[in-house]
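Student: A single structure is presented below for examination.
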Amino acid sequence: MAPAAAKVLLTDLASGIDRVPDNYIRSEADRPNLTEVEASDASSIPLVDLQGLSGPNRDDIIRQIGRACQQDGFFQIKNHGIPEEKVQAIMNIAREFFHLPESERLKNYSDDPTKSTRLSTSFNLKTETVSNWRDFLRLHCYPLEEYMQEWPTNPPSFRKEVGEYCTRVRELVLKLLEAISESLGLEREYISQNLGKHGQHMAMNYYPPCPQPELTYGLPGHTDPNLITILLQDDVPGLQVLRNGKWVAVNPIPNTFIVNIGDQMQVISNDKYKSVLHRAVVNCNTERISIPTFYCPSPEGLIRPAQGLIDHEHPAVYKSFTYEEYYHKFWNRGLRTECCLDMFKIHSA
Ligand code: OGA
Ligand code: NI
């Protein structure tokens with residue numbers, strides 16, 4: 001349970017300070033260099049229109065998705081089928097949650113990454129040396145019935161709205177997985193059938209305004225350890241993606257989601273599709289909320305490069321492992337730019 005005394009959450013610490021506390025300050029070589037970040041435009045992060053994915057446009061959309069997964073690791077989607085009201089509702093719920101009194105929020109607090117529902121701060125307080133300018137609520141959300149009773153009950157409609165959103169996002173992910181399987185030349189069901197019983201986690205990230213955003217990160221550069229991430233962000237910029245060695249800001253477009261390939265997809269695709277470095281920066285004036293859905297294998301799910309993508313010219317790059325093994329390594333090594341994937345490579349002599 002929550003410690004009684006010192007402020008454990010950033011949200012409460014951050015209000016009313018005019019300097020970043022020392023434990024949030026990055027070394028000079030490791031700062032965001034905000035003036036060197038490029039603005040995104042339509043050509044930098046592809047925007048894929050999913051209208052007609054199950055109809056006449058299927059082949060064309062699958063080609064676009066395949067190209068984006070291969071070249072960018074990131075793309076945005078519109079006409080994704082999740083109603084605007086549902087998206088607004090979950091964003092409002094997240095905002096209300098982080099605006100609740102501290103004592104109310106702290107009922108959900110834990111710094112143990114193995115807990116399936118928890119509010120925490122930074123990334124992993126037990127292993128990191130520098131903190132990140134972020135509070136987050138993490139939830140497991142598939143199978144829904146197994147986890148929903150752990151979720152917050154304040155705001156009162158939390159479980160209902162978040163539950164509905166998770167169900168919708170899962171339907172969307174399953175469609176994307178079929179499209180991605182096909183884009184790799186695999187059976188439509190291949191990816192879905194190779195994730196064990198499937199898993200779905202969600203984070204609600206809350207980045208308070210920061211008096212010195214040039215000194216710290218909301219989240220430093222990392223790749224996502226899961227299979228595929230569907231990110232909803234509010235209208236405040238902050239997400240940046242590494243492209244050709246430069247950080248590119250992915251500025252919010254209303255009614256779109258950002259999709260990115262995670263480490264497990266890179267493994268299944270035998271390195272054809274890339275899990276790309278990204279980060280979140282903060283700003284002086286405005287709080288920012290993002291809500292990523294991390295779709296993943298279940299812990300016992302056995303992950304390996306698809307047999308259909310291995311041949312003489314493309315030997316398997318990775319050994320097989322369970323998602324549990326991978327996830328454990330990810331949380332315990334801390335967020336680092338070097339990708340956790342390297343630890344699972346087959347080292348050729
Ligand atoms: C993440 C992440 C980006 C953002 O939570 O893994 O990359 O914009 N978030 O909050
Ligand atoms: Ni991420």
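Simple scheme: letters A, B, ... for chains in structure tokens order, numbers from 1 for residues in each chain, numbers from 1 for ligands in the order shown.
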Neighbours of Asp342 of chain A within 12 Å (only C-alpha atoms; same-chain residues fewer than 2 positions away dropped), as a list in words?
Tutor: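 Once the nearby chain positions are removed, what remains is Asp263, Gln266, Val267, Asp271, Val317, Tyr318, Lys319, Tyr326, Lys329, Phe330, Thr337, Glu338, Cys339, Cys340, Phe344, Lys345, Ile346 and His347 of chain A.
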Student: Go ahead and write the residues just picked, N, CA and C atoms, as a PDB file, in the first residue's frame.
Tutor:
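Below you can see result.pdb, which holds the result:
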```pdb
ATOM      1  N   ASP A 263       8.418  -5.233 -30.039  1.00  0.00           N
ATOM      2  CA  ASP A 263       9.522  -6.198 -30.162  1.00  0.00           C
ATOM      3  C   ASP A 263       9.049  -7.589 -30.618  1.00  0.00           C
ATOM      4  N   GLN A 266       8.614  -7.788 -34.255  1.00  0.00           N
ATOM      5  CA  GLN A 266       9.909  -7.833 -34.936  1.00  0.00           C
ATOM      6  C   GLN A 266      10.440  -9.267 -34.956  1.00  0.00           C
ATOM      7  N   VAL A 267      10.259  -9.986 -33.853  1.00  0.00           N
ATOM      8  CA  VAL A 267      10.723 -11.377 -33.790  1.00  0.00           C
ATOM      9  C   VAL A 267       9.923 -12.254 -34.752  1.00  0.00           C
ATOM     10  N   ASP A 271      12.698  -9.932 -38.239  1.00  0.00           N
ATOM     11  CA  ASP A 271      13.370  -8.649 -38.508  1.00  0.00           C
ATOM     12  C   ASP A 271      12.882  -7.926 -39.759  1.00  0.00           C
ATOM     13  N   VAL A 317      16.683 -15.154 -36.933  1.00  0.00           N
ATOM     14  CA  VAL A 317      17.512 -14.190 -36.219  1.00  0.00           C
ATOM     15  C   VAL A 317      17.395 -14.390 -34.700  1.00  0.00           C
ATOM     16  N   TYR A 318      16.245 -14.944 -34.267  1.00  0.00           N
ATOM     17  CA  TYR A 318      15.995 -15.055 -32.819  1.00  0.00           C
ATOM     18  C   TYR A 318      15.748 -16.491 -32.421  1.00  0.00           C
ATOM     19  N   LYS A 319      16.095 -16.797 -31.158  1.00  0.00           N
ATOM     20  CA  LYS A 319      15.695 -18.082 -30.610  1.00  0.00           C
ATOM     21  C   LYS A 319      14.254 -17.985 -30.153  1.00  0.00           C
ATOM     22  N   TYR A 326      10.700 -12.659 -21.682  1.00  0.00           N
ATOM     23  CA  TYR A 326      11.041 -11.382 -22.302  1.00  0.00           C
ATOM     24  C   TYR A 326      10.624 -10.205 -21.431  1.00  0.00           C
ATOM     25  N   LYS A 329      12.733  -9.526 -18.396  1.00  0.00           N
ATOM     26  CA  LYS A 329      13.984  -8.823 -18.732  1.00  0.00           C
ATOM     27  C   LYS A 329      13.722  -7.346 -18.986  1.00  0.00           C
ATOM     28  N   PHE A 330      12.652  -7.075 -19.712  1.00  0.00           N
ATOM     29  CA  PHE A 330      12.333  -5.691 -20.061  1.00  0.00           C
ATOM     30  C   PHE A 330      12.161  -4.816 -18.817  1.00  0.00           C
ATOM     31  N   THR A 337      18.164   2.669 -24.548  1.00  0.00           N
ATOM     32  CA  THR A 337      18.046   2.723 -25.998  1.00  0.00           C
ATOM     33  C   THR A 337      18.425   1.396 -26.633  1.00  0.00           C
ATOM     34  N   GLU A 338      19.404   0.708 -26.078  1.00  0.00           N
ATOM     35  CA  GLU A 338      19.728  -0.596 -26.667  1.00  0.00           C
ATOM     36  C   GLU A 338      18.529  -1.484 -26.435  1.00  0.00           C
ATOM     37  N   CYS A 339      18.154  -2.150 -27.492  1.00  0.00           N
ATOM     38  CA  CYS A 339      16.912  -2.894 -27.448  1.00  0.00           C
ATOM     39  C   CYS A 339      17.113  -4.224 -26.731  1.00  0.00           C
ATOM     40  N   CYS A 340      16.131  -4.574 -25.942  1.00  0.00           N
ATOM     41  CA  CYS A 340      16.101  -5.839 -25.208  1.00  0.00           C
ATOM     42  C   CYS A 340      16.181  -7.044 -26.164  1.00  0.00           C
ATOM     43  N   PHE A 344      17.961 -11.883 -27.155  1.00  0.00           N
ATOM     44  CA  PHE A 344      17.282 -13.080 -27.608  1.00  0.00           C
ATOM     45  C   PHE A 344      17.712 -13.496 -29.027  1.00  0.00           C
ATOM     46  N   LYS A 345      18.801 -12.887 -29.484  1.00  0.00           N
ATOM     47  CA  LYS A 345      19.284 -13.220 -30.825  1.00  0.00           C
ATOM     48  C   LYS A 345      20.069 -14.526 -30.836  1.00  0.00           C
ATOM     49  N   ILE A 346      19.984 -15.198 -31.978  1.00  0.00           N
ATOM     50  CA  ILE A 346      20.873 -16.341 -32.215  1.00  0.00           C
ATOM     51  C   ILE A 346      22.180 -15.762 -32.692  1.00  0.00           C
ATOM     52  N   HIS A 347      23.229 -16.002 -31.966  1.00  0.00           N
ATOM     53  CA  HIS A 347      24.500 -15.403 -32.390  1.00  0.00           C
ATOM     54  C   HIS A 347      25.216 -16.338 -33.338  1.00  0.00           C
TER      55      HIS A 347
END
```
Student: Extract the full set of helix (DSSP H, G or I) residues from segment 203-342 of chain A according to DSSP on the backbone, and format it as a PyMOL selection string.
Tutor: chain A and resi 213-215+263-268+307-309+323-333+340-342
Student: Restricting the calculation to only C-alpha atoms: of A:Ala29, A:Met204, A:Ile61, A:Ala94, which residue gets closest to Glu161 of chain A?
Tutor: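 Closest residue, counting only C-alpha atoms: A:Ala94.
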Student: As a ChimeraX atom specification, please: the residues near Leu219 of chain A (cut-off 7 Å, only C-alpha atoms, same-chain neighbours under 5 positions excluded).
Tutor: /A:132,279-281
Student: Where does DSSP see strand (DSSP E or B) in segment 259-288 of chain A, if you list the residues as a ChimeraX atom specification?
Tutor: /A:259-261,278-280,288
Student: May I have the residues from that selection written out with N, CA and C atoms, as a PDB file, in the first residue's frame?
Tutor:
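The file below, again13.pdb, is the result:
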```
ATOM      1  N   VAL A 259      -0.189   3.605 -34.430  1.00  0.00           N
ATOM      2  CA  VAL A 259       0.081   2.174 -34.282  1.00  0.00           C
ATOM      3  C   VAL A 259       1.582   1.985 -34.368  1.00  0.00           C
ATOM      4  N   ASN A 260       2.168   1.241 -33.447  1.00  0.00           N
ATOM      5  CA  ASN A 260       3.565   0.895 -33.648  1.00  0.00           C
ATOM      6  C   ASN A 260       3.856  -0.565 -33.382  1.00  0.00           C
ATOM      7  N   ILE A 261       4.800  -1.043 -34.158  1.00  0.00           N
ATOM      8  CA  ILE A 261       5.274  -2.421 -34.077  1.00  0.00           C
ATOM      9  C   ILE A 261       6.082  -2.572 -32.798  1.00  0.00           C
ATOM     10  N   HIS A 278      11.107   5.259 -29.708  1.00  0.00           N
ATOM     11  CA  HIS A 278      10.263   6.443 -29.554  1.00  0.00           C
ATOM     12  C   HIS A 278      10.383   6.936 -28.119  1.00  0.00           C
ATOM     13  N   ARG A 279       9.926   8.155 -27.873  1.00  0.00           N
ATOM     14  CA  ARG A 279      10.046   8.738 -26.546  1.00  0.00           C
ATOM     15  C   ARG A 279       8.943   9.768 -26.347  1.00  0.00           C
ATOM     16  N   ALA A 280       8.738  10.181 -25.112  1.00  0.00           N
ATOM     17  CA  ALA A 280       7.773  11.247 -24.842  1.00  0.00           C
ATOM     18  C   ALA A 280       8.495  12.380 -24.124  1.00  0.00           C
ATOM     19  N   ARG A 288      -0.309  16.533 -20.315  1.00  0.00           N
ATOM     20  CA  ARG A 288      -0.548  15.710 -21.507  1.00  0.00           C
ATOM     21  C   ARG A 288      -0.962  14.320 -21.061  1.00  0.00           C
TER      22      ARG A 288
END
```
Student: Excluding same-chain residues fewer than 2 positions from Glu324 of chain A, what lies within 12 Å of it counting only C-alpha atoms, as number ranges by chain?
Tutor: A: 114, 195-196, 199, 225-226, 264, 296-303, 320-322, 326-331
Student: How would the residues just chosen look if you wrote them out with N, CA, C and O atoms as an mmCIF file, in the first residue's frame?
Tutor:
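Result file follows (result17.cif):
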```
data_model
loop_
_atom_site.group_PDB
_atom_site.id
_atom_site.type_symbol
_atom_site.label_atom_id
_atom_site.label_comp_id
_atom_site.auth_asym_id
_atom_site.auth_seq_id
_atom_site.Cartn_x
_atom_site.Cartn_y
_atom_site.Cartn_z
ATOM 1 N N THR A 114 4.911 -6.413 -11.120
ATOM 2 C CA THR A 114 4.185 -7.650 -11.417
ATOM 3 C C THR A 114 2.687 -7.523 -11.102
ATOM 4 O O THR A 114 1.910 -8.406 -11.448
ATOM 5 N N LEU A 195 0.161 -16.511 -30.218
ATOM 6 C CA LEU A 195 0.340 -15.597 -29.081
ATOM 7 C C LEU A 195 -0.153 -16.231 -27.789
ATOM 8 O O LEU A 195 -0.528 -15.534 -26.849
ATOM 9 N N GLY A 196 -0.181 -17.564 -27.747
ATOM 10 C CA GLY A 196 -0.783 -18.212 -26.592
ATOM 11 C C GLY A 196 -2.233 -17.779 -26.481
ATOM 12 O O GLY A 196 -2.945 -17.712 -27.489
ATOM 13 N N GLY A 199 -2.824 -11.425 -24.647
ATOM 14 C CA GLY A 199 -2.883 -10.518 -23.499
ATOM 15 C C GLY A 199 -3.102 -9.103 -23.999
ATOM 16 O O GLY A 199 -2.809 -8.785 -25.165
ATOM 17 N N PRO A 225 7.928 -3.504 -25.646
ATOM 18 C CA PRO A 225 8.263 -4.928 -25.542
ATOM 19 C C PRO A 225 7.158 -5.866 -26.033
ATOM 20 O O PRO A 225 7.404 -7.050 -26.207
ATOM 21 N N ASN A 226 5.978 -5.320 -26.256
ATOM 22 C CA ASN A 226 4.816 -6.152 -26.596
ATOM 23 C C ASN A 226 4.779 -6.432 -28.105
ATOM 24 O O ASN A 226 5.774 -6.268 -28.802
ATOM 25 N N GLN A 264 7.887 -8.045 -30.111
ATOM 26 C CA GLN A 264 7.452 -9.415 -30.464
ATOM 27 C C GLN A 264 7.125 -9.523 -31.957
ATOM 28 O O GLN A 264 7.350 -10.562 -32.585
ATOM 29 N N CYS A 296 -0.402 -8.072 -26.574
ATOM 30 C CA CYS A 296 0.776 -8.932 -26.346
ATOM 31 C C CYS A 296 0.394 -10.409 -26.316
ATOM 32 O O CYS A 296 -0.776 -10.756 -26.233
ATOM 33 N N PRO A 297 1.392 -11.273 -26.362
ATOM 34 C CA PRO A 297 1.132 -12.687 -26.115
ATOM 35 C C PRO A 297 0.763 -12.860 -24.641
ATOM 36 O O PRO A 297 1.057 -11.982 -23.833
ATOM 37 N N SER A 298 0.137 -13.972 -24.261
ATOM 38 C CA SER A 298 -0.009 -14.272 -22.844
ATOM 39 C C SER A 298 1.360 -14.751 -22.336
ATOM 40 O O SER A 298 2.229 -15.107 -23.145
ATOM 41 N N PRO A 299 1.568 -14.765 -21.017
ATOM 42 C CA PRO A 299 2.924 -15.030 -20.505
ATOM 43 C C PRO A 299 3.552 -16.319 -21.038
ATOM 44 O O PRO A 299 4.743 -16.357 -21.337
ATOM 45 N N GLU A 300 2.742 -17.382 -21.184
ATOM 46 C CA GLU A 300 3.315 -18.667 -21.619
ATOM 47 C C GLU A 300 3.423 -18.739 -23.148
ATOM 48 O O GLU A 300 3.949 -19.710 -23.675
ATOM 49 N N GLY A 301 2.930 -17.727 -23.844
ATOM 50 C CA GLY A 301 2.962 -17.718 -25.314
ATOM 51 C C GLY A 301 4.398 -17.850 -25.820
ATOM 52 O O GLY A 301 5.289 -17.142 -25.371
ATOM 53 N N LEU A 302 4.587 -18.788 -26.745
ATOM 54 C CA LEU A 302 5.930 -19.066 -27.245
ATOM 55 C C LEU A 302 6.170 -18.239 -28.508
ATOM 56 O O LEU A 302 5.442 -18.368 -29.481
ATOM 57 N N ILE A 303 7.186 -17.413 -28.472
ATOM 58 C CA ILE A 303 7.441 -16.481 -29.570
ATOM 59 C C ILE A 303 8.692 -16.904 -30.327
ATOM 60 O O ILE A 303 9.718 -17.233 -29.717
ATOM 61 N N SER A 320 13.660 -19.099 -29.752
ATOM 62 C CA SER A 320 12.295 -19.001 -29.245
ATOM 63 C C SER A 320 12.331 -18.811 -27.737
ATOM 64 O O SER A 320 13.261 -19.244 -27.056
ATOM 65 N N PHE A 321 11.327 -18.136 -27.241
ATOM 66 C CA PHE A 321 11.280 -17.804 -25.805
ATOM 67 C C PHE A 321 9.824 -17.576 -25.434
ATOM 68 O O PHE A 321 8.978 -17.378 -26.319
ATOM 69 N N THR A 322 9.531 -17.600 -24.157
ATOM 70 C CA THR A 322 8.163 -17.254 -23.754
ATOM 71 C C THR A 322 8.094 -15.752 -23.528
ATOM 72 O O THR A 322 9.089 -15.100 -23.192
ATOM 73 N N TYR A 326 10.700 -12.659 -21.682
ATOM 74 C CA TYR A 326 11.041 -11.382 -22.302
ATOM 75 C C TYR A 326 10.624 -10.205 -21.431
ATOM 76 O O TYR A 326 11.389 -9.264 -21.183
ATOM 77 N N TYR A 327 9.412 -10.313 -20.958
ATOM 78 C CA TYR A 327 8.813 -9.210 -20.210
ATOM 79 C C TYR A 327 9.571 -8.955 -18.909
ATOM 80 O O TYR A 327 9.801 -7.822 -18.500
ATOM 81 N N HIS A 328 9.977 -10.037 -18.308
ATOM 82 C CA HIS A 328 10.753 -9.956 -17.073
ATOM 83 C C HIS A 328 12.048 -9.182 -17.325
ATOM 84 O O HIS A 328 12.404 -8.278 -16.583
ATOM 85 N N LYS A 329 12.733 -9.526 -18.396
ATOM 86 C CA LYS A 329 13.984 -8.823 -18.732
ATOM 87 C C LYS A 329 13.722 -7.346 -18.986
ATOM 88 O O LYS A 329 14.463 -6.475 -18.547
ATOM 89 N N PHE A 330 12.652 -7.075 -19.712
ATOM 90 C CA PHE A 330 12.333 -5.691 -20.061
ATOM 91 C C PHE A 330 12.161 -4.816 -18.817
ATOM 92 O O PHE A 330 12.754 -3.745 -18.706
ATOM 93 N N TRP A 331 11.385 -5.283 -17.887
ATOM 94 C CA TRP A 331 11.105 -4.441 -16.709
ATOM 95 C C TRP A 331 12.317 -4.294 -15.806
ATOM 96 O O TRP A 331 12.469 -3.305 -15.116
#
```
Student: Pick the closest to Asn285 of chain A from A:Gln307, A:Asn270, A:Gln212, A:Asn124: which is it, counting only C-alpha atoms?
Tutor: A:Gln212
Student: List the neighbours of Cys69 of chain A out to 12 Å using only C-alpha atoms; skip same-chain residues closer than 6 positions along the sequence, and give me the result as a PyMOL selection string.
Tutor: chain A and resi 45-46+48+62-63+75-76+176-177+179-181+183-184+228+259-262+265-266+269+271-276
Student: What is the distance between atom CA of Glu164 of chain A and atom CA of Gln200 of chain A, in Å to one decimal?
Tutor: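 We find that atom CA of Glu164 of chain A and atom CA of Gln200 of chain A lie 13.5 Å from each other.
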Student: Using only C-alpha atoms and all ligand atoms, what does the table of chain A residues within 6 Å of ligand 1 look like, with each row giving the shortest atom pair and its distance in Å to one decimal, sorted by chain and ascending number, as a Markdown table?
Tutor:
```
| residue | atom | partner | partner_atom_place_in_ligand_line | distance |
| --- | --- | --- | --- | --- |
| A:Asn205 | CA | ligand 1 | 10 (O) | 6.0 |
| A:Asp224 | CA | ligand 1 | 6 (O) | 5.7 |
| A:Gly238 | CA | ligand 1 | 8 (O) | 5.9 |
| A:Leu239 | CA | ligand 1 | 8 (O) | 4.2 |
| A:Arg279 | CA | ligand 1 | 7 (O) | 5.7 |
| A:Ala280 | CA | ligand 1 | 8 (O) | 5.0 |
| A:Ser290 | CA | ligand 1 | 10 (O) | 4.8 |
| A:Pro292 | CA | ligand 1 | 5 (O) | 5.8 |
```
Student: Export C-alpha atoms of the chosen residues as an mmCIF file, in the first residue's frame?
Tutor:
```cif
data_model
loop_
_atom_site.group_PDB
_atom_site.id
_atom_site.type_symbol
_atom_site.label_atom_id
_atom_site.label_comp_id
_atom_site.auth_asym_id
_atom_site.auth_seq_id
_atom_site.Cartn_x
_atom_site.Cartn_y
_atom_site.Cartn_z
ATOM 1 C CA ASN A 205 0.094 8.124 -18.944
ATOM 2 C CA ASP A 224 7.759 -1.373 -26.826
ATOM 3 C CA GLY A 238 4.952 15.088 -26.922
ATOM 4 C CA LEU A 239 5.494 11.800 -28.777
ATOM 5 C CA ARG A 279 10.046 8.738 -26.546
ATOM 6 C CA ALA A 280 7.773 11.247 -24.842
ATOM 7 C CA SER A 290 -1.681 9.384 -23.635
ATOM 8 C CA PRO A 292 -1.437 3.203 -25.144
#
```
Student: Find the residues around Ile77 of chain A up to 10 Å (only C-alpha atoms counted), leave out those fewer than 3 positions away in its own chain, and share them as an mmCIF file with all heavy atoms, in the first residue's frame.
Tutor:
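Dumped everything to out.cif:
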```cif
data_model
loop_
_atom_site.group_PDB
_atom_site.id
_atom_site.type_symbol
_atom_site.label_atom_id
_atom_site.label_comp_id
_atom_site.auth_asym_id
_atom_site.auth_seq_id
_atom_site.Cartn_x
_atom_site.Cartn_y
_atom_site.Cartn_z
ATOM 1 N N PRO A 46 3.314 7.596 -41.965
ATOM 2 C CA PRO A 46 2.197 7.316 -42.868
ATOM 3 C C PRO A 46 0.848 7.324 -42.151
ATOM 4 O O PRO A 46 0.758 6.898 -40.999
ATOM 5 C CB PRO A 46 2.503 5.909 -43.390
ATOM 6 C CG PRO A 46 3.901 5.609 -43.017
ATOM 7 C CD PRO A 46 4.310 6.517 -41.916
ATOM 8 N N LEU A 47 -0.154 7.838 -42.826
ATOM 9 C CA LEU A 47 -1.527 7.818 -42.325
ATOM 10 C C LEU A 47 -2.308 6.851 -43.208
ATOM 11 O O LEU A 47 -2.452 7.068 -44.410
ATOM 12 C CB LEU A 47 -2.117 9.228 -42.399
ATOM 13 C CG LEU A 47 -3.592 9.385 -42.012
ATOM 14 C CD1 LEU A 47 -3.853 8.918 -40.586
ATOM 15 C CD2 LEU A 47 -4.035 10.844 -42.174
ATOM 16 N N VAL A 48 -2.780 5.765 -42.609
ATOM 17 C CA VAL A 48 -3.476 4.733 -43.395
ATOM 18 C C VAL A 48 -4.978 4.838 -43.113
ATOM 19 O O VAL A 48 -5.402 4.844 -41.963
ATOM 20 C CB VAL A 48 -2.950 3.323 -43.023
ATOM 21 C CG1 VAL A 48 -3.695 2.250 -43.810
ATOM 22 C CG2 VAL A 48 -1.449 3.219 -43.274
ATOM 23 N N ASP A 49 -5.745 4.922 -44.174
ATOM 24 C CA ASP A 49 -7.204 4.979 -44.068
ATOM 25 C C ASP A 49 -7.738 3.545 -44.098
ATOM 26 O O ASP A 49 -7.574 2.843 -45.092
ATOM 27 C CB ASP A 49 -7.736 5.792 -45.259
ATOM 28 C CG ASP A 49 -9.231 6.027 -45.157
ATOM 29 O OD1 ASP A 49 -9.905 5.349 -44.344
ATOM 30 O OD2 ASP A 49 -9.729 6.894 -45.908
ATOM 31 N N LEU A 50 -8.357 3.122 -43.003
ATOM 32 C CA LEU A 50 -8.800 1.720 -42.924
ATOM 33 C C LEU A 50 -10.165 1.478 -43.565
ATOM 34 O O LEU A 50 -10.662 0.348 -43.576
ATOM 35 C CB LEU A 50 -8.818 1.234 -41.472
ATOM 36 C CG LEU A 50 -7.477 1.193 -40.738
ATOM 37 C CD1 LEU A 50 -7.652 0.584 -39.344
ATOM 38 C CD2 LEU A 50 -6.422 0.404 -41.518
ATOM 39 N N GLN A 51 -10.777 2.538 -44.067
ATOM 40 C CA GLN A 51 -12.074 2.393 -44.741
ATOM 41 C C GLN A 51 -11.975 1.353 -45.846
ATOM 42 O O GLN A 51 -11.129 1.471 -46.720
ATOM 43 C CB GLN A 51 -12.449 3.759 -45.347
ATOM 44 C CG GLN A 51 -13.857 3.852 -45.878
ATOM 45 C CD GLN A 51 -14.841 4.082 -44.746
ATOM 46 O OE1 GLN A 51 -14.672 5.012 -43.971
ATOM 47 N NE2 GLN A 51 -15.841 3.222 -44.635
ATOM 48 N N ILE A 65 -0.044 -0.941 -45.173
ATOM 49 C CA ILE A 65 0.332 -1.327 -43.811
ATOM 50 C C ILE A 65 1.687 -2.037 -43.822
ATOM 51 O O ILE A 65 2.569 -1.759 -43.012
ATOM 52 C CB ILE A 65 -0.762 -2.214 -43.166
ATOM 53 C CG1 ILE A 65 -2.020 -1.369 -42.894
ATOM 54 C CG2 ILE A 65 -0.262 -2.871 -41.879
ATOM 55 C CD1 ILE A 65 -3.203 -2.161 -42.340
ATOM 56 N N HIS A 80 -10.988 3.965 -38.242
ATOM 57 C CA HIS A 80 -10.623 2.725 -37.551
ATOM 58 C C HIS A 80 -11.817 2.033 -36.933
ATOM 59 O O HIS A 80 -11.693 0.950 -36.365
ATOM 60 C CB HIS A 80 -9.587 3.042 -36.469
ATOM 61 C CG HIS A 80 -9.942 4.269 -35.686
ATOM 62 N ND1 HIS A 80 -11.020 4.315 -34.837
ATOM 63 C CD2 HIS A 80 -9.383 5.505 -35.677
ATOM 64 C CE1 HIS A 80 -11.097 5.542 -34.317
ATOM 65 N NE2 HIS A 80 -10.124 6.289 -34.818
ATOM 66 N N ILE A 230 -1.382 0.395 -29.761
ATOM 67 C CA ILE A 230 -2.356 1.329 -30.348
ATOM 68 C C ILE A 230 -2.418 2.520 -29.395
ATOM 69 O O ILE A 230 -2.940 2.401 -28.284
ATOM 70 C CB ILE A 230 -3.763 0.682 -30.431
ATOM 71 C CG1 ILE A 230 -3.713 -0.717 -31.032
ATOM 72 C CG2 ILE A 230 -4.725 1.603 -31.178
ATOM 73 C CD1 ILE A 230 -3.343 -0.778 -32.481
ATOM 74 N N ILE A 253 -3.298 14.127 -34.557
ATOM 75 C CA ILE A 253 -4.330 14.361 -35.568
ATOM 76 C C ILE A 253 -5.638 13.837 -34.959
ATOM 77 O O ILE A 253 -5.685 12.677 -34.546
ATOM 78 C CB ILE A 253 -4.043 13.582 -36.875
ATOM 79 C CG1 ILE A 253 -2.639 13.895 -37.408
ATOM 80 C CG2 ILE A 253 -5.098 13.881 -37.929
ATOM 81 C CD1 ILE A 253 -2.271 13.087 -38.658
ATOM 82 N N ASN A 255 -9.077 12.108 -34.098
ATOM 83 C CA ASN A 255 -9.724 10.868 -34.568
ATOM 84 C C ASN A 255 -8.793 9.858 -35.232
ATOM 85 O O ASN A 255 -9.219 9.078 -36.073
ATOM 86 C CB ASN A 255 -10.874 11.180 -35.536
ATOM 87 C CG ASN A 255 -11.915 12.047 -34.881
ATOM 88 O OD1 ASN A 255 -12.222 11.851 -33.701
ATOM 89 N ND2 ASN A 255 -12.423 13.022 -35.603
ATOM 90 N N THR A 256 -7.541 9.919 -34.891
ATOM 91 C CA THR A 256 -6.637 8.872 -35.380
ATOM 92 C C THR A 256 -5.996 8.171 -34.178
ATOM 93 O O THR A 256 -5.968 8.714 -33.082
ATOM 94 C CB THR A 256 -5.485 9.449 -36.235
ATOM 95 O OG1 THR A 256 -4.685 10.306 -35.419
ATOM 96 C CG2 THR A 256 -5.997 10.214 -37.426
ATOM 97 N N PHE A 257 -5.494 6.982 -34.420
ATOM 98 C CA PHE A 257 -4.627 6.300 -33.462
ATOM 99 C C PHE A 257 -3.247 6.171 -34.090
ATOM 100 O O PHE A 257 -3.114 6.125 -35.319
ATOM 101 C CB PHE A 257 -5.116 4.889 -33.159
ATOM 102 C CG PHE A 257 -6.401 4.823 -32.398
ATOM 103 C CD1 PHE A 257 -7.564 4.408 -33.029
ATOM 104 C CD2 PHE A 257 -6.457 5.162 -31.060
ATOM 105 C CE1 PHE A 257 -8.758 4.340 -32.332
ATOM 106 C CE2 PHE A 257 -7.647 5.092 -30.356
ATOM 107 C CZ PHE A 257 -8.791 4.681 -30.989
ATOM 108 N N ILE A 258 -2.261 6.070 -33.230
ATOM 109 C CA ILE A 258 -0.921 5.773 -33.703
ATOM 110 C C ILE A 258 -0.677 4.293 -33.430
ATOM 111 O O ILE A 258 -0.964 3.808 -32.337
ATOM 112 C CB ILE A 258 0.102 6.647 -32.968
ATOM 113 C CG1 ILE A 258 -0.135 8.101 -33.368
ATOM 114 C CG2 ILE A 258 1.529 6.226 -33.292
ATOM 115 C CD1 ILE A 258 0.435 9.077 -32.410
ATOM 116 N N VAL A 259 -0.189 3.605 -34.430
ATOM 117 C CA VAL A 259 0.081 2.174 -34.282
ATOM 118 C C VAL A 259 1.582 1.985 -34.368
ATOM 119 O O VAL A 259 2.222 2.562 -35.253
ATOM 120 C CB VAL A 259 -0.594 1.369 -35.414
ATOM 121 C CG1 VAL A 259 -0.309 -0.121 -35.269
ATOM 122 C CG2 VAL A 259 -2.095 1.626 -35.437
#
```
Student: Within 7 Å of Pro213 of chain A, counting only C-alpha atoms, which residues qualify if same-chain residues fewer than 5 places away don't, as JSON, numbers by chain?
Tutor: {"A": [282, 283, 284]}
Student: Please produce a file of the residues just selected, as a compact mmCIF listing (two decimals), in the first residue's frame, where the atoms kept are all heavy atoms.
Tutor:
```
# COMPACT_ATOMS: atom_id res chain seq x y z
N VAL A 282 8.13 16.44 -22.45
CA VAL A 282 7.11 17.20 -21.72
C VAL A 282 7.25 18.69 -22.04
O VAL A 282 8.15 19.10 -22.77
CB VAL A 282 7.18 16.90 -20.20
CG1 VAL A 282 6.71 15.48 -19.94
CG2 VAL A 282 8.59 17.09 -19.65
N ASN A 283 6.34 19.49 -21.56
CA ASN A 283 6.36 20.92 -21.87
C ASN A 283 6.00 21.74 -20.64
O ASN A 283 5.48 21.21 -19.65
CB ASN A 283 5.43 21.21 -23.04
CG ASN A 283 3.98 21.17 -22.62
OD1 ASN A 283 3.43 22.15 -22.11
ND2 ASN A 283 3.35 20.01 -22.77
N CYS A 284 6.26 23.07 -20.72
CA CYS A 284 6.11 23.94 -19.54
C CYS A 284 4.66 24.19 -19.15
O CYS A 284 4.36 24.41 -17.99
CB CYS A 284 6.67 25.34 -19.81
SG CYS A 284 8.36 25.38 -20.26
```
